[in-house]
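*Asks:* Questions regarding the structure given below will be posed in turn.
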Amino acid sequence: MAELLALTESTYYILLALYRPQHGYGIMQEVERLSSGRVRLAAGTLYGALTSMTEKGWIQMLPVEEGSRKKEYKLTDKGIKILVTEIERLRELVKNGDMIIGGDNNG
């Protein structure tokens, strides 16, 4: 299935940030925190990714309170499956790397 291909780092962190429902700015902050500042999302990049993930059925927008402009998003069951599958894929990568180099980062 094409959706089970490797996720980009940004997509991975957005899905991880949405393990608990969040609005856009909260997602941006959580992604930066989780990645120790390495991944910083511009608003356009984030909202483009959110639109794409919504269309794929990985996330959904929660109902917006009347008068509020904040859009909150949450993972769907499909999104959780995608995230879990990616975590398993990443674990396998690390396991294989450790098997080859023995966990020795000095070469």
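Ordered as shown in the structure tokens, chains take letters A, B, and onward, while each chain numbers its residues from 1 and ligands are numbered from 1 in the order shown.
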For Lys56 of chain A, find every residue with an atom within 12 Å (counting only C-alpha atoms), except residues of its own chain fewer than 2 positions away, and show them as a short mmCIF file (atom, residue, chain, number, x, y, z; two decimals) with C-alpha atoms, in the first residue's frame.
*Replies:*
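File written: around.cif
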data_model
loop_
_atom_site.label_atom_id
_atom_site.label_comp_id
_atom_site.auth_asym_id
_atom_site.auth_seq_id
_atom_site.Cartn_x
_atom_site.Cartn_y
_atom_site.Cartn_z
CA ALA A 2 1.48 3.36 -1.04
CA GLU A 3 0.48 4.99 2.26
CA ALA A 49 0.35 19.04 5.19
CA LEU A 50 -2.84 19.17 7.28
CA THR A 51 -4.94 19.48 4.13
CA SER A 52 -3.16 16.54 2.52
CA MET A 53 -3.46 14.35 5.63
CA THR A 54 -7.14 15.24 5.96
CA TRP A 58 -5.20 10.28 8.46
CA ILE A 59 -6.53 13.22 10.50
CA GLN A 60 -9.80 15.06 10.86
CA LEU A 75 -5.71 11.57 14.40
CA THR A 76 -8.16 9.12 12.89
CA ASP A 77 -7.85 5.36 13.36
CA LYS A 78 -6.17 5.26 9.95
CA GLY A 79 -3.72 7.97 11.04
CA ILE A 82 0.09 4.98 9.73
#
*Asks:* Mind the document's chain letters and residue numbers, and return as a PyMOL selection string the residues of chain A that DSSP labels strand (DSSP E).
*Replies:* chain A and resi 22-23+59-61+72-75
*Asks:* Measuring atom to atom with only C-alpha atoms, identify which of A:Glu65, A:Gly57, A:Leu83, A:Ser36 is nearest to Thr11 of chain A.
*Replies:*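 When distances to Thr11 of chain A are compared using only C-alpha atoms, the smallest one comes from A:Leu83.
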*Asks:* According to DSSP computed on the backbone, where in chain A is there alpha helix (DSSP H)? Give the residues as a count of residues only.
*Replies:* 59
